[in-house]
Structures are given as structure tokens and as C-alpha cells.
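Engineer: Structure below; questions to follow.
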Amino acid sequence: SGGSLIAYDQANTNNGNRGHVSHADAITSNSIAHADANTSKKKKVVVLGTGWAGMSFLKNLKNPNYEVEVVSPRNFFVFTPLLPSVTCGKVEARSIVEPIRNIIRKKNIDVSYCEAECIRIDPANKKIYCRNARTSMNANAKRGEEFAVGYDYLIIAVGAQVNTFNTPGVEGNCHFLKEIEDAQKIRRNVIESFEKASLPNLSEEERKKILHFVVVGGGPTGVEFSGELRDFVNQDVLKLYPTVQHLVKITVVEATDHILNMFDKRITKFAEGKFLRDDIDVKLGSMVTKISENEISTREKGSDKPTSMPYGMVLWSTGIGARPLIKEFMKQIGQGNRRALATDEWLRVEGCDSIYALGDCATINQRKVVEDIAEILKRADTDNSGTLTVKKFREVMKDVIARYPQVKIYMESKRVKDFVDILMEAKGKAAKETIELSIEEFKSALSVADSKMKNLPATAQVANQQGAYLAKCFNRMEECEKNPEGPPRFRGTGRHRFQPFRYRHLGQFAPLGGEKTAAQLPGDWVSIGHSSQWLWYSIYASKQVSWRTRALVVSDWIRRFIFGRDASGI
Ligand code: FAD
């Protein structure tokens with residue numbers, strides 16, 4: 001897979017997606033017809049997923065010489081950054097979704113959509129096996145009906161699922177916030193909690209328990225939901241449920257020492273201070289060990305004594321893990337010990353032919369990054385002494401950052417204060433600019449850094465850029481075939497016809513409630529307050545996938561300003 005794109009074109013003939021369907025037992029004759037249907041000369045591209053990565057790929061794909069089939073159990077795209085706004089009625093669910101068929105309709109290329117879930121990938125025969133996504137809802141559909149789809153190129157963009165870390169009781173007692181249905185369920189549950197707490201014949205304790213909202217995980221989603229809920233309580237509950245307003249309690253439980261710890265320290269500090277002022281209880285260094293029907297058990301940092309608290313509703317928002325399809329596929333291709341599918345910098349799945357992975361289900365293998373950094377270091381050692389000063393190292397890091405922006409994000413995010421600190425840790429000395437370290441020491445420190453180095457964040461921004469990048473590669477693939485030498489600007493790497501994927505970090509937001517948002521923009525520029533909230537409104541309005549959703553979202557915001565939130569439990 002180290003050759004040019006032509007290399008994997010050659011491995012792919014059009015009949016790659018025809019022929020015998022191996023696990024015929026499970027597959028209906030219908031499905032075989034489906035697999036055989038692709039008799040056209042066009043190369044078949046199968047895209048798994050209608051999320052950020054898949055949608056961005058589709059939107060940017062312009063080459064008419066492909067036959068594209070999109071397979072996803074969800075026939076719409078969700079603008080996930082606005083999901084927390086749906087939980088308390090600031091924005092309606094339908095305003096942030098766009099039917100995938102609307103997106104396809106506008107394309108001038110051959111694209112079809114199939115509402116199904118991919119259950120298995122067979123890279124050897126270039127086929128995927130799928131299951132009807134609506135079997136449980138549609139009484140007429142045969143349960144578990146499966147079919148096969150052949151491909152020349154497979155684009156895996158299935159995202160990730162909530163990670164419960166196998167904590168007992170999470171499944172069944174907690175809400176998650178990943179899909180549109182989750183947000184709708186939370187909204188109904190929030191309203192129901194207020195209605196329930198307003199019933200007669202309840203003791204004060206019982207009302208308090210019902211109105212205790214717990215958020216597990218102090219990341220951006222947990223923090224934004226807490227802010228939304230606090231706004232709902234302050235702005236609407238006062239009018240709608242005046243008798244119980246004083247009983248509401250919001251608690252954020254975070255296992256590390258700070259909330260929003262992937263953000264700049266100034267933001268973390270401001271958010272913690274704001275939550276304190278807003279009466280949102282933030283429990284830091286508190287690890288949830290179990291959740292039962294009535295209470296949450298936690299273990300506090302530095303203490304062996306377990307504690308527990310009663311709750312009415314819990315949102316579990318602690319991070320993401322691989323979907324079963326991806327776990328199974330990783331085992332199949334020898335990546336069983338990884339968190340997400342490893343790809344090279346061209347987004348090709350390592351060890352596979354013609355399969356690409358992008359978005360939350362994939363990660364660019366950092367091993368190569370570390371090798372490249374070591375190579376840059378070696379080149380910086382111009383006098384061949386085998387040593388570099390820390391000062392020189394800092395200069396070299398500028399080169400590294402220009403090549404690998406994720407190294408900068410990693411450094412900026414203060415997960416490790418400074419790369420040099422790791423070096424010093426490895427050397428066991430205090431950081432001094434003049435200390436000389438051998439290249440070997442730099443390299444071993446780099447591998448320590450590698451194990452700590454954060455991959456690209458699992459965000460819509462990354463998924464979106466990856467989708468656009470891959471579509472551009474596919475748009476130009478034919479041109480490259482006709483002109484094997486390739487355009488001069490892409491020569492010289494000796495590895496690949498296209499430049500590798502480079503992520504451009506455009507900044508990140510953390511809405512904190514009370515019309516205040518924290519923004520961390522490129523160049524370590526931090527802005528917190530009302531002005532950033534307006535920036536947030538304008539950016540998220542501009543990033544909507546269609547004029548229809550843009551109009552709906554903006555009108556929802558205006559409606560909320562004028563009339564408040566809709567508190568009906570539907
Ligand atoms: P997804 O968008 O999750 O899409 C995955 C797609 O694959 C879906 O269509 C799904 O139905 C489909 N699928 C699943 N299983 C299968 C299968 N077996 N076969 C076929 N298809 C399948 N990021 C930001 O940059 N900024 C933010 O402000 C932000 N806020 C967020 C708020 C919330 C509440 C959440 C949950 C996420 C937020 N994110 C944000 C993260 C962002 O949503 C994800 O990083 C992004 O959705 C990843 O895109 P993706 O295409 O990889 O996956």
C-alpha cells in the first residue's frame with residue numbers, strides 16, 4: 001500500500017465486486033442480485049455512514065466516473081454541535097437534520113442511498129455485508145434480512161459509539177448524547193422530571209432527588225448540557241414550575257482535576273468559576289464506579305471510601321469507543337489491540353487494499369509521525385555530533401509543527417506542558433537551554449511522547465476536513481492515471497501521488513450557558529463571554545449544511561429569545 005494511487009487502482013478491476021457470495025446461508029437471493037447489479041464500467045465507491053465524514057466526502061466528490069453507494073442506518077445528516085441545544089428546547093430536532101436524499105439529489109454524479117447497517121467487511125472479496133436497518137420498526141420487513149454489496153473502493157465513516165468503560169449500571173440507567181433520538185429523549189425526560197416533581201403527595205426529599213441532574217464527564221458536551229439546563233431553569237422553569245425551582249440541583253462529576261481539560265487553562269478556570277457562581281456543583285477527581293436505579297457510587301481521588309448520591313437523571317458523557325463493526329474488522333486485519341482503525345496519512349487503512357477510514361472511527365498512525373520527527377532531528381544535527389541543544393531542539397520543533405499541526409495542538413492543549421519537559425524527564429535533569437542530548441535520547445523521549453501524544457481530536461472539524469480531502473483525491477485519481485508522472489508539485493515525496501492529509505485547526509468553542517461561550521482560536525487566542533457567544537451563533541449558522549436548516553436554526557434561536565423554550569413533553 002506504499003505505492004501511488006495507481007497501485008491500488010491496478011489491484012482493482014471492475015469485476016472485483018461481482019462473483020460468488022461466500023456466506024450464502026445468511027444471504028437472500030435478493031441480496032446476491034444486489035451484489036451482482038453493478039455491471040457498469042464505473043468504479044464502485046461504497047461509503048459507510050452519513051455523518052460528518054461521509055457527508056463531506058459526498059458533498060466534495062465531483063468526478064462523474066464513479067458509481068457511489070451510500071450505506072447507513074440513518075437516512076439523514078445530523079449537525080452534532082447543536083445536539084446539546086436540542087436537549088432543553090433551544091433548537092428543535094428537525095432543524096438540525098438534513099435528509100441524505102436531499103444532499104444526493106443535488107449531485108450531478110451517480111449516487112444512490114441504501115438504508116442499512118454494515119455488519120461485516122470482507123476485504124478479501126471486496127464485499128460488505130449489510131442488514132436492513134428498520135427491521136424492528138417495519139412489521140413487513142423480514143427480521144435480520146441481510147445482503148451483500150460489492151465495492152472497488154470502500155470508505156469507512158461509521159463514527160464511534162459512547163464508551164461506558166464497562167461501568168456497571170450505565171447501560172439502562174443513563175442517558176447518552178450522541179444521536180438525535182438521544183437529545184429528544186433527554187428533552188422529554190427533563191420536562192417529565194419537572195412535571196413529576198410538581199405532583200402532590202411527594203416529600204421535599206423526593207422532589208429534590210427527582211430534580212437532581214447529574215452529568216458524568218466534564219468535557220465539552222457535558223459542560224454545554226449543564227449550561228443549557230441551567231439556562232432552562234433560570235429562564236423558563238421560574239415561570240413554568242415556580243414551586244420547585246429552588247429544588248433543582250445540577251452536578252458535574254469529573255474524574256480528572258479539571259473540567260474542559262482539553263482547553264486552555266484560562267478557559268478551564270473561567271468555566272469552573274462560572275459554574276460555581278451559577279450553583280452548578282462540580283465534583284473534580286471523582287470517578288463513577290457504579291450506577292444503580294437510585295444512586296450513583298463514586299470514588300474520590302486520594303480516598304478509599306466510596307461515596308454515593310441519589311439522582312433523578314444522569315447524562316453519561318465520558319468519551320467514545322469503537323463500534324462493534326470496527327472492533328471486529330480491526331481483529332480481522334490484525335489491528336485488534338487498537339482503539340480505532342489505523343490509517344496512513346492518506347487515510348488508507350493499514351494492511352488493506354482500497355479501503356479508507358476517516359472521522360471518529362479512524363486514527364492516523366502516529367508511529368510514522370515519530371519516525372519523521374526523528375528524521376528531522378537527525379537532519380538538524382548538521383555537524384554530525386550526534387547531539388542537539390535544547391535550544392536547537394526548540395527551533396527544530398517549528399519545522400515539526402509546520403509538518404504536523406497535531407503536535408502543536410497536543411502541546412497547546414497542555415496535556416504535557418511542553419515537549420521539552422518530556423525530554424528532561426527522560427534525561428532526569430532540569431530544563432536548561434544549553435543541555436546537550438544525544439539524538440538517541442531525543443528519539444527515546446519522542447517515543448514516550450508518542451505514547452502520550454494525542455491523536456487528532458475526534459471532532460466534526462477533523463471528520464469534515466478528512467472527507468473533503470479524500471473526495472479531492474478521488475476527483476483527481478483519473479487524471480493521475482492518465483499522467484503517471486503526476487503534476488510536478490506532487491512529485492518528490494517518493495511515496496504517493498497526493499500530498500498527505502494535513503489538518504487545519506480552526507479553533508474550538510465551549511458554550512457555558514448564560515449567553516457566554518469560551519472560544520479558543522488558532523494562535524492560542526482565547527476569548528470568553530458574550531462576544532464569543534455571538535461568534536458561536538454566526539459560525540454555527542454559517543456552517544449549516546443547507547439553507548433550509550440554516551433558516552430553521554436561526555428562526556429557533558429567535559423564537560427562543562422572544563417566547564422562551566417550548567416545555568411541552570413531546
Ligand atoms: P458520525 O457523524 O457519528 O457519523 C457516523 C455515521 O455512520 C452515522 O450516519 C451512522 O448512522 C453511520 N453508521 C453507524 N454504524 C454504521 C454501520 N454499521 N454501517 C453503516 N453506517 C453506520 N465536533 C466539533 O468539531 N465541534 C462540536 O461542537 C462538536 N459538538 C459535538 C456535540 C455532541 C453532542 C456530539 C455527540 C459530538 C460533537 N462533536 C463536535 C463531535 C462530532 O460530532 C464527531 O466528531 C463527528 O460526528 C464525527 O463524524 P463521523 O462522520 O466520523 O461520525
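By convention here, the chains of the C-alpha cells are called A, B, ... in the order presented, each chain's residues are numbered starting at 1, and ligands are numbered starting at 1 in the order presented.
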If you run DSSP on the backbone, which residues of segment 162-225 of chain A are strand (DSSP E or B), as a VMD selection string?

Structural biologist: chain A and resid 162 175 212 to 216

Engineer: For chain A against ligand 1, with a cut-off of 7 Å and counting only C-alpha atoms and all ligand atoms, what is the closest atom pair and its distance in Å to one decimal for every residue that makes the cut, ordered by chain and number, as a tab-separated table?

Structural biologist:
residue	atom	partner	partner_atom_place_in_ligand_line	distance
A:Leu48	CA	ligand 1	20 (C)	4.5
A:Gly49	CA	ligand 1	7 (O)	3.3
A:Thr50	CA	ligand 1	9 (O)	3.5
A:Gly51	CA	ligand 1	4 (O)	3.1
A:Trp52	CA	ligand 1	51 (O)	3.8
A:Ala53	CA	ligand 1	51 (O)	3.7
A:Gly54	CA	ligand 1	51 (O)	5.5
A:Val71	CA	ligand 1	20 (C)	5.4
A:Ser72	CA	ligand 1	21 (N)	3.7
A:Pro73	CA	ligand 1	11 (O)	5.1
A:Arg74	CA	ligand 1	11 (O)	4.5
A:Phe77	CA	ligand 1	9 (O)	6.5
A:Thr80	CA	ligand 1	43 (O)	4.6
A:Pro81	CA	ligand 1	30 (N)	3.5
A:Leu82	CA	ligand 1	32 (C)	6.6
A:Leu83	CA	ligand 1	34 (C)	5.0
A:Pro84	CA	ligand 1	34 (C)	5.5
A:Ala116	CA	ligand 1	20 (C)	6.6
A:Glu117	CA	ligand 1	19 (N)	3.9
A:Cys118	CA	ligand 1	19 (N)	3.7
A:Ile119	CA	ligand 1	18 (N)	5.6
A:Ala157	CA	ligand 1	51 (O)	5.2
A:Val158	CA	ligand 1	7 (O)	3.3
A:Gly159	CA	ligand 1	53 (O)	3.2
A:Ala160	CA	ligand 1	3 (O)	5.9
A:Leu177	CA	ligand 1	34 (C)	5.3
A:Lys178	CA	ligand 1	36 (C)	3.9
A:Glu179	CA	ligand 1	36 (C)	6.8
A:Thr221	CA	ligand 1	34 (C)	5.3
A:Leu325	CA	ligand 1	18 (N)	5.9
A:Leu358	CA	ligand 1	52 (O)	6.3
A:Gly359	CA	ligand 1	52 (O)	3.3
A:Asp360	CA	ligand 1	52 (O)	3.8
A:Cys361	CA	ligand 1	52 (O)	5.8
A:Ala458	CA	ligand 1	45 (O)	4.5
A:Thr459	CA	ligand 1	45 (O)	3.1
A:Ala460	CA	ligand 1	25 (O)	3.6
A:Gln461	CA	ligand 1	25 (O)	4.2
A:Val462	CA	ligand 1	25 (O)	6.9
A:Ala463	CA	ligand 1	49 (O)	5.1
A:Gln508	CA	ligand 1	26 (N)	6.9
A:Phe509	CA	ligand 1	28 (O)	6.6

Engineer: Determine the nearest neighbour of Phe176 of chain A from the options A:Gly334, A:Gly507, A:Gly319, A:Pro500, counting only C-alpha atoms.

Structural biologist: A:Gly319

Engineer: Find the residues near Glu328 of chain A: any atom within 9 Å, counting only C-alpha atoms, skip ones fewer than 6 places away on the same chain, and give them as a list of chain:residue names.

Structural biologist: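 Contacts, in chain order: A:Arg120, A:Ile121, A:Gly336.
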
Engineer: Gly218 of chain A: which residues within 10 Å, counting only C-alpha atoms, same-chain residues fewer than 2 positions away excluded, as a PyMOL selection string?

Structural biologist: chain A and resi 215-216+220-224+226+252-256+258-261+282-284+317-318

Engineer: Quick one: residues within 9 Å of segment 182-189 of chain A, only C-alpha atoms, excluding same-chain residues fewer than 5 positions away - as a PDB file with C-alpha atoms, in the first residue's frame?

Structural biologist:
ATOM      1  CA  LEU A  83     -27.355  18.462  19.773  1.00  0.00           C
ATOM      2  CA  PRO A  84     -26.945  19.923  23.285  1.00  0.00           C
ATOM      3  CA  SER A  85     -29.203  22.808  22.217  1.00  0.00           C
ATOM      4  CA  VAL A  86     -31.949  20.275  21.421  1.00  0.00           C
ATOM      5  CA  THR A  87     -31.885  18.776  24.932  1.00  0.00           C
ATOM      6  CA  CYS A  88     -33.639  21.725  26.544  1.00  0.00           C
ATOM      7  CA  GLY A  89     -35.592  23.036  23.573  1.00  0.00           C
ATOM      8  CA  GLU A  92     -35.843  21.812  17.504  1.00  0.00           C
ATOM      9  CA  ALA A  93     -34.545  18.370  16.488  1.00  0.00           C
ATOM     10  CA  HIS A 175     -28.826   8.972  29.040  1.00  0.00           C
ATOM     11  CA  PHE A 176     -26.272   9.404  26.274  1.00  0.00           C
ATOM     12  CA  LEU A 177     -25.995  12.313  23.883  1.00  0.00           C
ATOM     13  CA  PHE A 194     -40.234  18.871  36.406  1.00  0.00           C
ATOM     14  CA  MET A 313     -31.473  11.839  35.774  1.00  0.00           C
ATOM     15  CA  LEU A 315     -26.204  12.064  31.360  1.00  0.00           C
ATOM     16  CA  ALA A 567     -41.723  22.992  27.575  1.00  0.00           C
ATOM     17  CA  SER A 568     -44.289  20.514  26.281  1.00  0.00           C
ATOM     18  CA  GLY A 569     -43.237  16.941  26.875  1.00  0.00           C
ATOM     19  CA  ILE A 570     -43.458  15.777  23.253  1.00  0.00           C
TER      20      ILE A 570
END

Engineer: Excluding Asn475 of chain A and any residue of its chain fewer than 5 positions from it, enumerate the residues within 10 Å of it, using only C-alpha atoms, and give them as an NGL selection string.

Structural biologist: :A and (60-66 or 469-470 or 480)

Engineer: Quick check, in Å to one decimal: how far apart do atom CA of Lys265 of chain A and atom CA of Arg299 of chain A lie?

Structural biologist: 25.2 Å

Engineer: Rank A:Glu146, A:Glu115, A:Leu154, A:Trp534 by their smallest atom-to-atom distance to Asp353 of chain A, using only C-alpha atoms, and report the top residue only.

Structural biologist: A:Leu154

Engineer: For atom CA of Arg266 of chain A and atom CA of Ser542 of chain A, quote the distance in Å rounded to one decimal.

Structural biologist: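 It comes out at 27.2 Å.
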
Engineer: Can you work out which one of A:Lys126, A:Lys290, A:Lys44, A:Arg101 has the shortest atom-to-atom distance to Val170 of chain A, counting only C-alpha atoms?

Structural biologist: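 Looking at the shortest contact to Val170 of chain A, the residue is A:Lys290.
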
Engineer: So, counting only C-alpha atoms, which residue among A:Trp557, A:Phe270, A:Phe165, A:Phe213 is closest to Ala519 of chain A?

Structural biologist: A:Phe270

Engineer: Choose the residue, out of A:Ile96, A:Leu58, A:Val78, A:Leu202, that has the smallest atom-to-atom separation from Val554 of chain A; count only C-alpha atoms.

Structural biologist: A:Ile96

Engineer: Nearest residue to Gly467 of chain A out of A:Tyr153, A:Tyr356, A:Pro522, A:Val214, using only C-alpha atoms?

Structural biologist: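 That would be A:Tyr356, the residue with the smallest distance to Gly467 of chain A.
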